[in-house]
Structure formats: structure tokens, C-alpha cells
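Undergrad: Got a file for you: protein.tsv, TSV, C-alpha atoms.
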```tsv
chain	number	residue	atom	x	y	z
A	14	MET	CA	26.38	-50.67	-46.42
A	15	SER	CA	27.67	-47.63	-48.30
A	16	GLU	CA	27.03	-47.18	-52.00
A	17	HIS	CA	29.89	-47.19	-54.48
A	18	PHE	CA	30.01	-44.33	-56.97
A	19	SER	CA	32.51	-43.75	-59.77
A	20	VAL	CA	34.41	-40.53	-60.38
A	21	GLN	CA	32.31	-39.98	-63.51
A	22	GLU	CA	29.12	-40.32	-61.49
A	23	GLN	CA	30.41	-37.71	-59.08
A	24	GLN	CA	30.90	-35.36	-62.02
A	25	TYR	CA	27.33	-35.90	-63.17
A	26	MET	CA	25.98	-35.14	-59.69
A	27	LEU	CA	28.18	-32.06	-59.33
A	28	GLU	CA	26.69	-30.88	-62.63
A	29	ALA	CA	23.22	-31.37	-61.15
A	30	ILE	CA	24.27	-29.43	-58.03
A	31	THR	CA	25.53	-26.58	-60.21
A	32	LEU	CA	22.21	-26.53	-62.05
A	33	ALA	CA	20.31	-26.47	-58.75
A	34	GLY	CA	22.19	-23.35	-57.72
A	35	GLN	CA	21.11	-21.37	-60.78
A	36	SER	CA	17.94	-20.07	-59.14
A	37	PRO	CA	18.83	-19.44	-55.48
A	38	TYR	CA	16.41	-16.56	-54.88
A	39	ALA	CA	13.06	-17.60	-56.38
A	40	THR	CA	12.26	-21.15	-55.27
A	41	LYS	CA	11.44	-20.61	-51.60
A	42	PRO	CA	9.74	-22.18	-49.79
A	43	ASN	CA	10.62	-25.00	-52.21
A	44	PRO	CA	14.14	-26.47	-52.22
A	45	ASN	CA	16.73	-25.82	-54.91
A	46	VAL	CA	16.99	-28.97	-57.01
A	47	GLY	CA	18.93	-29.97	-60.12
A	48	CYS	CA	18.71	-33.02	-62.36
A	49	VAL	CA	20.92	-34.49	-65.06
A	50	LEU	CA	19.93	-37.38	-67.36
A	51	VAL	CA	22.74	-39.55	-68.73
A	52	LYS	CA	22.56	-42.18	-71.46
A	53	ASP	CA	25.43	-44.10	-73.03
A	54	GLY	CA	27.93	-41.97	-71.14
A	55	LYS	CA	26.53	-38.65	-72.39
A	56	ILE	CA	24.34	-36.04	-70.71
A	57	VAL	CA	21.07	-35.96	-72.66
A	58	GLY	CA	18.96	-33.79	-70.37
A	59	ARG	CA	19.44	-31.01	-67.85
A	60	GLY	CA	16.97	-29.25	-65.60
A	61	PHE	CA	16.53	-27.26	-62.40
A	62	HIS	CA	13.61	-25.88	-60.39
A	63	PRO	CA	13.47	-22.20	-61.40
A	64	LYS	CA	10.65	-20.84	-59.26
A	65	ALA	CA	8.04	-21.91	-56.73
A	66	GLY	CA	4.89	-23.00	-58.56
A	67	GLN	CA	6.76	-24.01	-61.71
A	68	PRO	CA	7.72	-27.60	-62.66
A	69	HIS	CA	10.49	-29.31	-60.74
A	70	ALA	CA	13.98	-30.12	-61.97
A	71	GLU	CA	13.16	-33.65	-63.15
A	72	VAL	CA	10.36	-32.39	-65.40
A	73	PHE	CA	12.66	-29.91	-67.16
A	74	ALA	CA	15.40	-32.53	-67.54
A	75	LEU	CA	12.94	-35.05	-69.03
A	76	ALA	CA	11.62	-32.45	-71.46
A	77	ASP	CA	15.19	-31.60	-72.44
A	78	ALA	CA	16.02	-35.27	-73.06
A	79	GLY	CA	12.84	-36.15	-74.92
A	80	GLU	CA	12.83	-39.74	-76.21
A	81	GLN	CA	16.39	-40.22	-74.99
A	82	ALA	CA	15.12	-40.29	-71.39
A	83	LYS	CA	14.03	-43.91	-71.89
A	84	GLY	CA	16.70	-46.18	-70.40
A	85	ALA	CA	18.68	-43.22	-69.02
A	86	THR	CA	20.10	-42.67	-65.54
A	87	ALA	CA	18.84	-39.66	-63.62
A	88	TYR	CA	21.17	-37.86	-61.22
A	89	VAL	CA	19.04	-35.67	-58.95
A	90	THR	CA	20.13	-33.62	-55.95
A	91	LEU	CA	17.04	-34.37	-53.83
A	92	GLU	CA	14.74	-37.37	-53.62
A	93	PRO	CA	12.00	-37.00	-56.27
A	94	CYS	CA	8.72	-35.86	-54.77
A	95	ALA	CA	5.91	-38.38	-54.29
A	96	HIS	CA	2.93	-36.11	-53.63
A	97	PHE	CA	0.58	-33.92	-55.63
A	98	GLY	CA	1.15	-30.26	-54.84
A	99	LYS	CA	1.15	-27.45	-57.38
A	100	THR	CA	2.78	-29.98	-59.73
A	101	PRO	CA	2.42	-33.78	-60.11
A	102	PRO	CA	4.89	-36.16	-58.41
A	103	CYS	CA	8.30	-36.20	-60.08
A	104	ALA	CA	8.81	-39.86	-59.13
A	105	LEU	CA	5.86	-40.79	-61.37
A	106	ALA	CA	7.23	-38.61	-64.19
A	107	LEU	CA	10.52	-40.54	-64.09
A	108	VAL	CA	8.62	-43.83	-64.17
A	109	LYS	CA	6.46	-42.72	-67.09
A	110	ALA	CA	9.52	-41.59	-69.06
A	111	GLY	CA	11.11	-45.03	-68.73
A	112	VAL	CA	14.18	-43.97	-66.77
A	113	LYS	CA	16.24	-47.06	-65.85
A	114	ASN	CA	18.32	-45.83	-62.89
A	115	VAL	CA	18.07	-42.97	-60.40
A	116	VAL	CA	20.95	-41.68	-58.28
A	117	ILE	CA	20.02	-39.28	-55.46
A	118	ALA	CA	22.23	-36.98	-53.40
A	119	ASN	CA	19.94	-36.10	-50.45
A	120	LEU	CA	16.94	-37.95	-49.12
A	121	ASP	CA	13.95	-35.67	-48.54
A	122	PRO	CA	12.89	-35.50	-44.85
A	123	ASN	CA	9.56	-33.90	-45.85
A	124	PRO	CA	6.92	-36.25	-44.35
A	125	LEU	CA	5.06	-36.09	-47.68
A	126	VAL	CA	8.10	-37.65	-49.35
A	127	ALA	CA	10.52	-39.26	-46.83
A	128	GLY	CA	11.25	-42.42	-48.79
A	129	LYS	CA	7.96	-42.52	-50.68
A	130	GLY	CA	9.63	-41.20	-53.82
A	131	ILE	CA	12.18	-44.01	-53.69
A	132	ASP	CA	9.41	-46.55	-53.08
A	133	ILE	CA	7.54	-45.44	-56.22
A	134	LEU	CA	10.70	-45.79	-58.29
A	135	LYS	CA	11.63	-49.21	-56.91
A	136	GLN	CA	8.10	-50.56	-57.33
A	137	ALA	CA	8.40	-49.66	-61.01
A	138	GLY	CA	11.61	-51.68	-61.28
A	139	ILE	CA	13.95	-48.69	-61.32
A	140	SER	CA	17.33	-49.08	-59.62
A	141	VAL	CA	17.82	-46.43	-56.94
A	142	ARG	CA	20.98	-45.39	-55.09
A	143	HIS	CA	21.54	-42.42	-52.81
A	144	GLY	CA	24.23	-40.53	-50.91
A	145	LEU	CA	26.33	-39.33	-53.86
A	146	CYS	CA	27.77	-35.84	-53.09
A	147	ASP	CA	25.49	-35.73	-50.06
A	148	ALA	CA	27.41	-32.98	-48.23
A	149	GLU	CA	27.70	-30.73	-51.28
A	150	ALA	CA	23.99	-31.04	-52.05
A	151	LYS	CA	22.94	-30.27	-48.48
A	152	LYS	CA	24.46	-26.80	-48.78
A	153	LEU	CA	21.78	-25.98	-51.36
A	154	ASN	CA	18.92	-26.42	-48.90
A	155	LEU	CA	20.10	-26.02	-45.31
A	156	GLY	CA	16.86	-24.38	-44.23
A	157	PHE	CA	14.48	-26.71	-46.06
A	158	LEU	CA	16.22	-29.84	-44.80
A	159	LYS	CA	16.33	-28.63	-41.19
A	160	ALA	CA	12.72	-27.44	-41.17
A	161	MET	CA	11.43	-30.67	-42.71
A	162	ALA	CA	13.44	-32.74	-40.22
A	163	ILE	CA	12.79	-30.94	-36.91
A	164	GLY	CA	10.34	-28.11	-37.60
A	165	SER	CA	12.74	-25.20	-37.03
A	166	PRO	CA	14.34	-22.91	-39.60
A	167	TYR	CA	18.05	-22.56	-40.31
A	168	VAL	CA	19.13	-19.37	-38.52
A	169	ARG	CA	21.95	-17.16	-39.73
A	170	LEU	CA	23.10	-14.35	-37.44
A	171	LYS	CA	24.75	-11.47	-39.28
A	172	ILE	CA	26.77	-8.80	-37.47
A	173	ALA	CA	28.93	-6.02	-38.89
A	174	SER	CA	31.45	-4.53	-36.48
A	175	SER	CA	34.67	-2.60	-36.07
A	176	LEU	CA	37.96	-4.23	-35.09
A	177	ASP	CA	37.10	-3.58	-31.45
A	178	GLY	CA	33.77	-5.37	-31.75
A	179	ARG	CA	31.53	-2.29	-31.89
A	180	THR	CA	28.42	-2.12	-34.06
A	181	ALA	CA	27.32	1.51	-33.65
A	182	MET	CA	28.28	4.73	-31.95
A	183	ALA	CA	26.78	5.49	-28.53
A	184	SER	CA	24.14	7.61	-30.31
A	185	GLY	CA	23.10	4.63	-32.41
A	186	GLU	CA	24.75	5.96	-35.58
A	187	SER	CA	25.99	3.01	-37.65
A	188	LYS	CA	25.89	3.99	-41.33
A	189	TRP	CA	28.30	2.87	-42.46
A	190	ILE	CA	30.89	0.75	-40.65
A	191	THR	CA	31.54	-1.72	-43.46
A	192	GLY	CA	32.07	-0.89	-47.12
A	193	VAL	CA	29.87	-1.14	-50.19
A	194	GLU	CA	31.08	-4.64	-51.10
A	195	ALA	CA	30.21	-6.10	-47.70
A	196	ARG	CA	26.80	-4.49	-47.76
A	197	GLN	CA	26.20	-6.00	-51.19
A	198	ASP	CA	27.09	-9.39	-49.75
A	199	VAL	CA	24.41	-8.89	-47.10
A	200	GLN	CA	21.89	-8.32	-49.88
A	201	HIS	CA	22.64	-11.87	-51.02
A	202	LEU	CA	22.02	-13.19	-47.51
A	203	ARG	CA	18.66	-11.42	-47.44
A	204	ALA	CA	17.75	-12.75	-50.87
A	205	ILE	CA	18.27	-16.40	-49.88
A	206	SER	CA	16.27	-15.92	-46.66
A	207	GLY	CA	12.57	-16.42	-46.11
A	208	ALA	CA	12.63	-13.76	-43.39
A	209	VAL	CA	14.91	-11.09	-41.94
A	210	VAL	CA	14.39	-10.75	-38.17
A	211	THR	CA	15.28	-7.65	-36.20
A	212	GLY	CA	14.45	-5.91	-32.93
A	213	ILE	CA	12.43	-2.76	-32.43
A	214	ASP	CA	15.49	-0.83	-31.20
A	215	THR	CA	17.21	-1.39	-34.55
A	216	VAL	CA	14.15	-0.13	-36.41
A	217	LEU	CA	13.89	2.95	-34.19
A	218	ALA	CA	17.60	3.73	-34.54
A	219	ASP	CA	18.05	3.10	-38.29
A	220	ASP	CA	14.51	3.22	-39.78
A	221	CYS	CA	15.71	0.23	-41.80
A	222	GLN	CA	13.85	-1.56	-44.60
A	223	LEU	CA	15.70	-4.91	-44.49
A	224	ASN	CA	14.63	-5.84	-48.02
A	225	VAL	CA	16.67	-6.69	-51.10
A	226	ARG	CA	17.23	-3.47	-53.03
A	227	GLU	CA	20.19	-4.20	-55.27
A	228	LEU	CA	22.06	-7.36	-56.15
A	229	THR	CA	24.81	-7.22	-58.77
A	230	GLY	CA	23.85	-9.04	-61.96
A	231	VAL	CA	20.39	-10.00	-60.68
A	232	ASP	CA	16.99	-8.66	-61.73
A	233	ILE	CA	15.44	-7.65	-58.40
A	234	THR	CA	11.95	-8.48	-59.67
A	235	SER	CA	13.02	-12.13	-59.98
A	236	ILE	CA	13.74	-12.34	-56.25
A	237	THR	CA	11.16	-13.53	-53.77
A	238	GLN	CA	11.53	-10.79	-51.14
A	239	PRO	CA	12.01	-12.01	-47.56
A	240	LYS	CA	9.42	-11.24	-44.93
A	241	ARG	CA	10.58	-8.61	-42.41
A	242	VAL	CA	9.95	-9.70	-38.83
A	243	VAL	CA	10.10	-7.04	-36.11
A	244	LEU	CA	10.21	-8.05	-32.45
A	245	ASP	CA	8.24	-5.31	-30.68
A	246	ARG	CA	7.00	-6.63	-27.34
A	247	GLN	CA	5.82	-3.21	-26.14
A	248	GLY	CA	4.11	-1.98	-29.31
A	249	ARG	CA	6.53	0.85	-30.11
A	250	LEU	CA	6.74	0.48	-33.90
A	251	PRO	CA	5.87	3.86	-35.52
A	252	LEU	CA	3.25	3.70	-38.27
A	253	ASN	CA	5.50	5.82	-40.52
A	254	ALA	CA	8.45	3.40	-40.26
A	255	LYS	CA	9.93	2.51	-43.64
A	256	ILE	CA	9.61	-1.18	-42.85
A	257	LEU	CA	5.81	-0.74	-43.06
A	258	GLN	CA	5.92	0.65	-46.60
A	259	HIS	CA	5.26	-2.91	-47.78
A	260	PRO	CA	2.94	-4.20	-45.06
A	261	GLU	CA	2.25	-7.46	-46.90
A	262	GLN	CA	5.91	-8.35	-46.40
A	263	THR	CA	5.98	-7.43	-42.71
A	264	ILE	CA	5.35	-9.53	-39.61
A	265	VAL	CA	5.38	-7.88	-36.20
A	266	MET	CA	5.58	-9.73	-32.89
A	267	THR	CA	3.60	-7.34	-30.71
A	268	PRO	CA	0.59	-6.94	-28.48
A	269	PHE	CA	-2.36	-6.61	-30.89
A	270	ARG	CA	-2.65	-3.19	-32.56
A	271	SER	CA	-5.73	-2.41	-34.66
A	272	GLU	CA	-3.81	0.20	-36.67
A	273	LEU	CA	-1.35	-2.49	-37.85
A	274	GLU	CA	-4.26	-4.76	-38.73
A	275	ALA	CA	-5.72	-1.96	-40.84
A	276	LEU	CA	-2.46	-1.77	-42.78
A	277	GLY	CA	-2.54	-5.50	-43.48
A	278	VAL	CA	0.46	-6.33	-41.29
A	279	ILE	CA	0.63	-9.87	-39.89
A	280	GLN	CA	0.75	-9.72	-36.09
A	281	ILE	CA	2.09	-12.46	-33.83
A	282	GLU	CA	1.62	-12.42	-30.08
A	283	PRO	CA	4.82	-12.07	-27.99
A	284	GLN	CA	6.45	-15.45	-27.32
A	285	PRO	CA	9.89	-17.02	-26.73
A	286	LEU	CA	12.30	-16.82	-29.65
A	287	SER	CA	12.41	-20.59	-30.15
A	288	CYS	CA	8.62	-20.70	-30.43
A	289	LEU	CA	8.62	-17.75	-32.83
A	290	PHE	CA	11.13	-19.41	-35.14
A	291	GLN	CA	9.18	-22.66	-35.10
A	292	LEU	CA	6.00	-20.73	-35.91
A	293	LEU	CA	7.71	-19.05	-38.87
A	294	ALA	CA	8.62	-22.46	-40.26
A	295	LYS	CA	5.35	-24.23	-39.57
A	296	GLN	CA	2.76	-21.57	-40.34
A	297	TYR	CA	4.55	-19.34	-42.85
A	298	GLN	CA	6.90	-21.83	-44.58
A	299	ILE	CA	9.93	-19.70	-43.69
A	300	TYR	CA	12.86	-22.11	-43.58
A	301	ASP	CA	15.84	-19.72	-43.69
A	302	VAL	CA	15.98	-16.88	-41.16
A	303	LEU	CA	18.52	-14.06	-41.19
A	304	VAL	CA	18.88	-12.17	-37.90
A	305	GLU	CA	20.08	-8.58	-38.40
A	306	ALA	CA	19.89	-6.86	-35.06
A	307	GLY	CA	21.68	-5.18	-32.20
A	308	ALA	CA	23.43	-6.77	-29.25
A	309	THR	CA	20.29	-7.61	-27.25
A	310	LEU	CA	18.66	-9.86	-29.86
A	311	ALA	CA	21.97	-11.21	-31.14
A	312	THR	CA	23.01	-12.19	-27.62
A	313	ALA	CA	19.63	-13.80	-26.91
A	314	CYS	CA	19.87	-15.92	-30.07
A	315	LEU	CA	23.38	-17.07	-29.21
A	316	GLU	CA	22.69	-17.76	-25.55
A	317	GLN	CA	19.56	-19.75	-26.36
A	318	GLY	CA	21.41	-21.91	-28.88
A	319	LEU	CA	19.28	-20.79	-31.82
A	320	VAL	CA	22.08	-19.81	-34.21
A	321	ASP	CA	23.18	-22.29	-36.87
A	322	GLU	CA	25.60	-19.97	-38.65
A	323	PHE	CA	27.29	-16.76	-37.49
A	324	ILE	CA	28.40	-14.39	-40.25
A	325	HIS	CA	30.62	-11.60	-38.95
A	326	TYR	CA	31.79	-8.72	-41.15
A	327	ILE	CA	34.78	-6.89	-39.64
A	328	ALA	CA	35.77	-3.43	-40.86
A	329	PRO	CA	39.35	-2.15	-40.42
A	330	THR	CA	38.34	0.62	-38.05
A	331	LEU	CA	38.14	1.38	-34.34
A	332	LEU	CA	35.08	2.99	-32.75
A	333	GLY	CA	36.17	3.24	-29.14
A	334	GLN	CA	34.90	2.09	-25.76
A	335	THR	CA	31.73	4.20	-25.68
A	336	ALA	CA	30.44	2.68	-28.93
A	337	ARG	CA	27.84	-0.08	-28.72
A	338	PRO	CA	29.12	-3.68	-28.36
A	339	MET	CA	28.14	-6.59	-30.59
A	340	PHE	CA	27.52	-8.90	-27.62
A	341	ASN	CA	26.25	-7.76	-24.23
A	342	ALA	CA	26.11	-10.86	-22.03
A	343	GLN	CA	28.16	-10.75	-18.85
A	344	LEU	CA	30.51	-13.73	-18.75
A	345	ASP	CA	32.47	-13.93	-15.50
A	346	ALA	CA	34.72	-16.89	-16.27
A	347	LEU	CA	36.52	-18.29	-19.32
A	348	VAL	CA	34.55	-21.50	-19.01
A	349	LEU	CA	31.47	-19.49	-19.98
A	350	GLN	CA	32.93	-18.14	-23.21
A	351	LYS	CA	31.09	-18.64	-26.51
A	352	ARG	CA	33.31	-20.43	-28.98
A	353	PHE	CA	32.86	-20.94	-32.70
A	354	LYS	CA	34.22	-23.16	-35.43
A	355	LEU	CA	35.70	-21.00	-38.16
A	356	ASN	CA	34.51	-22.33	-41.53
A	357	ASP	CA	35.54	-19.57	-43.91
A	358	ILE	CA	37.50	-16.32	-44.06
A	359	THR	CA	36.92	-14.09	-47.08
A	360	LYS	CA	38.13	-10.57	-47.83
A	361	ILE	CA	35.31	-8.48	-49.25
A	362	GLY	CA	36.49	-5.07	-50.37
A	363	GLN	CA	38.42	-3.69	-47.41
A	364	ASP	CA	36.43	-5.78	-44.92
A	365	VAL	CA	36.72	-9.39	-43.78
A	366	ARG	CA	33.85	-11.86	-43.57
A	367	LEU	CA	34.09	-14.69	-41.03
A	368	THR	CA	31.62	-17.55	-41.39
A	369	MET	CA	31.34	-19.67	-38.24
A	370	THR	CA	29.20	-22.25	-36.49
A	371	PRO	CA	28.73	-22.25	-32.70
A	372	VAL	CA	30.63	-24.89	-30.78
A	373	THR	CA	28.45	-26.67	-28.25
A	374	GLY	CA	29.36	-28.91	-25.35
A	375	GLY	CA	32.27	-27.00	-23.87
A	376	VAL	CA	35.17	-24.73	-24.84
```
Translate this file's structure into C-alpha cells.
TA:
Amino acid sequence: MSEHFSVQEQQYMLEAITLAGQSPYATKPNPNVGCVLVKDGKIVGRGFHPKAGQPHAEVFALADAGEQAKGATAYVTLEPCAHFGKTPPCALALVKAGVKNVVIANLDPNPLVAGKGIDILKQAGISVRHGLCDAEAKKLNLGFLKAMAIGSPYVRLKIASSLDGRTAMASGESKWITGVEARQDVQHLRAISGAVVTGIDTVLADDCQLNVRELTGVDITSITQPKRVVLDRQGRLPLNAKILQHPEQTIVMTPFRSELEALGVIQIEPQPLSCLFQLLAKQYQIYDVLVEAGATLATACLEQGLVDEFIHYIAPTLLGQTARPMFNAQLDALVLQKRFKLNDITKIGQDVRLTMTPVTGGV
């Protein structure tokens, strides 16, 4: 039986969703959550989770409302937590404050919560409904929700290419195909990610850093930098590579190297991509992965069905047939083609960004 929600209630939840999006770069591995408290038709409290380790959205909203929280309705984007972590359970905070009703957008698949938050509220006599603006709220925490549900991170594959689908010249030269605006957009993708994954060939060709260096209107120090994950099955990563300038932020999948251990780099033994991604989620709490790589790794991710979202920046230029392709699998029949659902087309500077999801189960 589906819940019934009024138009006004939708507005309250959309306000909570907007609040949740105010700190997209600092909460990981925690989810982005917003909360609005309403009493007598007026919003009396607002809050969002600003940073991992700090109080959750409900706590800030309750503090904002003060005494007016008693008898109020809470609109929260994610099921209130039910466990003691770095902060006490938010479900208990709502009970203690005397909140009368709670409306939830997304249920929390985290086994430590997973309905337990709702149970605490109901046992205290609080009315609970859920599912309001469910789809909109899910967009806030695609990685967290997927990782909590099935143990794998949400994987975004980013590729920048020419009109003829080329990502670099034959020599490996690739700076720059797309313009400044598109590259700034990629900085945002890195900032929302727990890790940026690349292959050793990309590191050798570009000596890339893959960190967040500049984001318009954002203090870089407020961003939780993503880990940089280098796939180096043969141990070719040079010790003077720029990506090792911050070894505490670097993970290398490689046969064990004592010199990397001395630098403080995390080393992971070579393994299949699916296992690596699961390990990143389970052991390192990395729930959003951005793959920035050449054709070999990009093709492997697509062919193994590991990509949740494909983000393709296309520059209005032609690089010619000797330039490197964005996809290097050999497909000998149309039935083997890789198709995508086009979700968004946006012009960024002089480039175009396509946001797609892979289509499975046929063409």
C-alpha cells in the first residue's frame, strides 16, 4: 500500500533534499542527509550533515528548532540512524525531542540501520511514513545506497574524446582535448568520489595527479580528497611519479614493493576488477568510484558490466585515425554493440557532456 503525501509535504521534503546537497564534498563515507522540522504549517528547524564526524542532519535541525521541535513533523531524506558511531543515534534524538511524526524519503540499507531507526520511532509512539521524493533523494547518495545494499561501489566512467572518438594522439599526448570548463566539471566528479581509479599506462603517459586542485566557489581545504588508485600489475610505477607526492592518498594494486611500503602507500595484491571494487567499498569505505583511464581499463570496466554511469565529454575537434581510441574491444557483429541510455546532454563551454547508463539485456 503506497503512502499518500500532499503537495505541501513534497515541498518540505524537497527543502530537506536541497539542504542535504549543501555539503557534497565533505561527508564521505557518510551519506548526504537533510532534515526539516515543521510545526503548525511552518518550518521551525533546518539541518544537514556537514562533515564526517560531525552531528547528523536531525541533530542540527532539532537544535535549530529548540522547544518548537516538540510535536513537530520531521522530514528527513534518509532513515534516521539507530546505532552508536561517532555520534549517538538520531532516532533516539527525535524521540527525546518529542517529535510527533517522521516522514522519510529513503530507507537506509545499512545493516546497522535497515529498519531499526523506524522501529525505535514507532516504539516511542511516533507516526512514521516513507517514500516521499524517494527518487530525488536517492541521487544524493548513489554510492552509499549501492554499497550498503550489495557491497559494491557506484562506478562512474569518465572519458574525454574528440568527435571521432579519440582520447589521445598516437604518442600519448592528450593535454588538452576538452576546454577549461569541462576540466573544471571533472574536478567536481573527483570531489564527490571516494577514489579515482586509473591504469599505469595513463600515469606513465600523463604523470597525472588525479586530485582535486581547483573547484570554482569552493574552498579546496573543505574537500575530502579522493584516494588515487593505480592499477599496476607489473610494478612499473616510478617512485618520482606525481601521484606519489601524497602517498597517504594513494592505493596501488601491484605485486608487493618494499619501496612503496616505505613511502606509506597502501598496496593491494593484483585481483579482478570486480573484487578490487568490492574491496574498496568493504575495507576502505569507498562508495563512489570515478574511473579516469585509457581504452584498456575503460573497455574492461564496460565489458565486465561494472559501470553504473558513463560520462562522456566530447570536444568539437578531430584527431584522426592514428590517434588512440576510447574503446578498444573488437566487436564483429551489431548484436555485440554496447548501448547506453542517454540521461542528460549538457553543453559545457565549447564541449558537450553526455551522461548515460549502460543498457543491459540486449540492444
Undergrad: So, with only C-alpha atoms as the atoms that count, which of A:Gln258, A:Leu303, A:Pro124, A:Ile279 lies closest to Val210 in chain A?
TA: A:Leu303
Undergrad: How far is it from CA of Ser174 in chain A to CA of Gln350 in chain A, in Å with one decimal?
TA: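 Atom-to-atom, CA of Ser174 in chain A to CA of Gln350 in chain A, that is 19.1 Å.
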Undergrad: Which distance in Å separates CA of Ala74 in chain A and CA of Ala29 in chain A, to one decimal?
TA: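 Those two atoms sit 10.2 Å apart.
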Undergrad: I want to know what sits within 7 Å of Leu176 in chain A, based on all atoms listed in the file, with residues of the same chain fewer than 2 positions away left out; could you give that as a list of chain:residue names?
TA: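 Here the answer would be A:Ser174, A:Gly178, A:Ile327, A:Ala328, A:Pro329, A:Thr330, A:Leu331.
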Undergrad: Find, counting all atoms listed in the file, the residue in A:Asp301, A:Asp220, A:Asp132, A:Glu92 that gets nearest to Leu202 in chain A.
TA: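 Under the stated criterion, the closest residue is A:Asp301.
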Undergrad: Give me the residues near Thr237 in chain A as a ChimeraX atom specification, where near means some atom within 12 Å (using all atoms listed in the file) and where sequence neighbours in that chain fewer than 2 positions away do not count.
TA: /A:36-43,63-65,201,203-208,224-226,232-235,239-240,262,299
Undergrad: Let me make sure I understand: among A:Gly130, A:Gly277, A:Gly164, A:Pro283, which one has the smallest atom-to-atom distance to Gln247 in chain A if we use all atoms listed in the file?
TA: A:Pro283
Undergrad: Smallest atom-to-atom distance to Asn253 in chain A: which of A:Gln35, A:Val372, A:Glu272, A:His143, using all atoms listed in the file?
TA: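 Closest to Asn253 in chain A of all the choices is A:Glu272.
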Undergrad: Pick the closest to Ile133 in chain A from A:Ile172, A:Lys55, A:Arg246, A:Cys94: which is it, counting all atoms listed in the file?
TA: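 Under the stated criterion, the closest residue is A:Cys94.
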Undergrad: Would you please work out which residue, of A:Arg249, A:Lys109, A:Arg179, A:Lys360, is nearest to Val72 in chain A when using only C-alpha atoms?
TA: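 Once distances to Val72 in chain A are computed over only C-alpha atoms, the minimum belongs to A:Lys109.
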Undergrad: Please list as a short mmCIF file (atom, residue, chain, number, x, y, z; two decimals) with C-alpha atoms, keeping the file's coordinate frame every residue within 8 Å of Ile117 in chain A, counting all atoms listed in the file and excluding residues in the same chain fewer than 5 positions away.
TA:
```cif
data_model
loop_
_atom_site.label_atom_id
_atom_site.label_comp_id
_atom_site.auth_asym_id
_atom_site.auth_seq_id
_atom_site.Cartn_x
_atom_site.Cartn_y
_atom_site.Cartn_z
CA TYR A 88 21.17 -37.86 -61.22
CA VAL A 89 19.04 -35.67 -58.95
CA THR A 90 20.13 -33.62 -55.95
CA LEU A 91 17.04 -34.37 -53.83
CA GLU A 92 14.74 -37.37 -53.62
CA VAL A 141 17.82 -46.43 -56.94
CA ARG A 142 20.98 -45.39 -55.09
CA HIS A 143 21.54 -42.42 -52.81
CA GLY A 144 24.23 -40.53 -50.91
CA LEU A 145 26.33 -39.33 -53.86
#
```
Undergrad: Do you have the CA of Ala308 in chain A-CA of Cys221 in chain A distance handy?
TA: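 If I compute the distance from CA of Ala308 in chain A to CA of Cys221 in chain A, I get 16.3 Å.
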Undergrad: Can you tell me which residues surround range 284-292 of chain A at a distance of at most 8 Å, considering all atoms listed in the file, apart from same-chain residues fewer than 2 positions away, and format the answer as a PyMOL selection string?
TA: chain A and resi 164-166+282+294-297+314+319
Undergrad: If we count all atoms listed in the file and set the cut-off at 7 Å, which residues sit around Val265 in chain A, ignoring sequence neighbours fewer than 6 positions away in its own chain? Please answer as a VMD selection string.
TA: chain A and resid 242 to 245 279 to 281
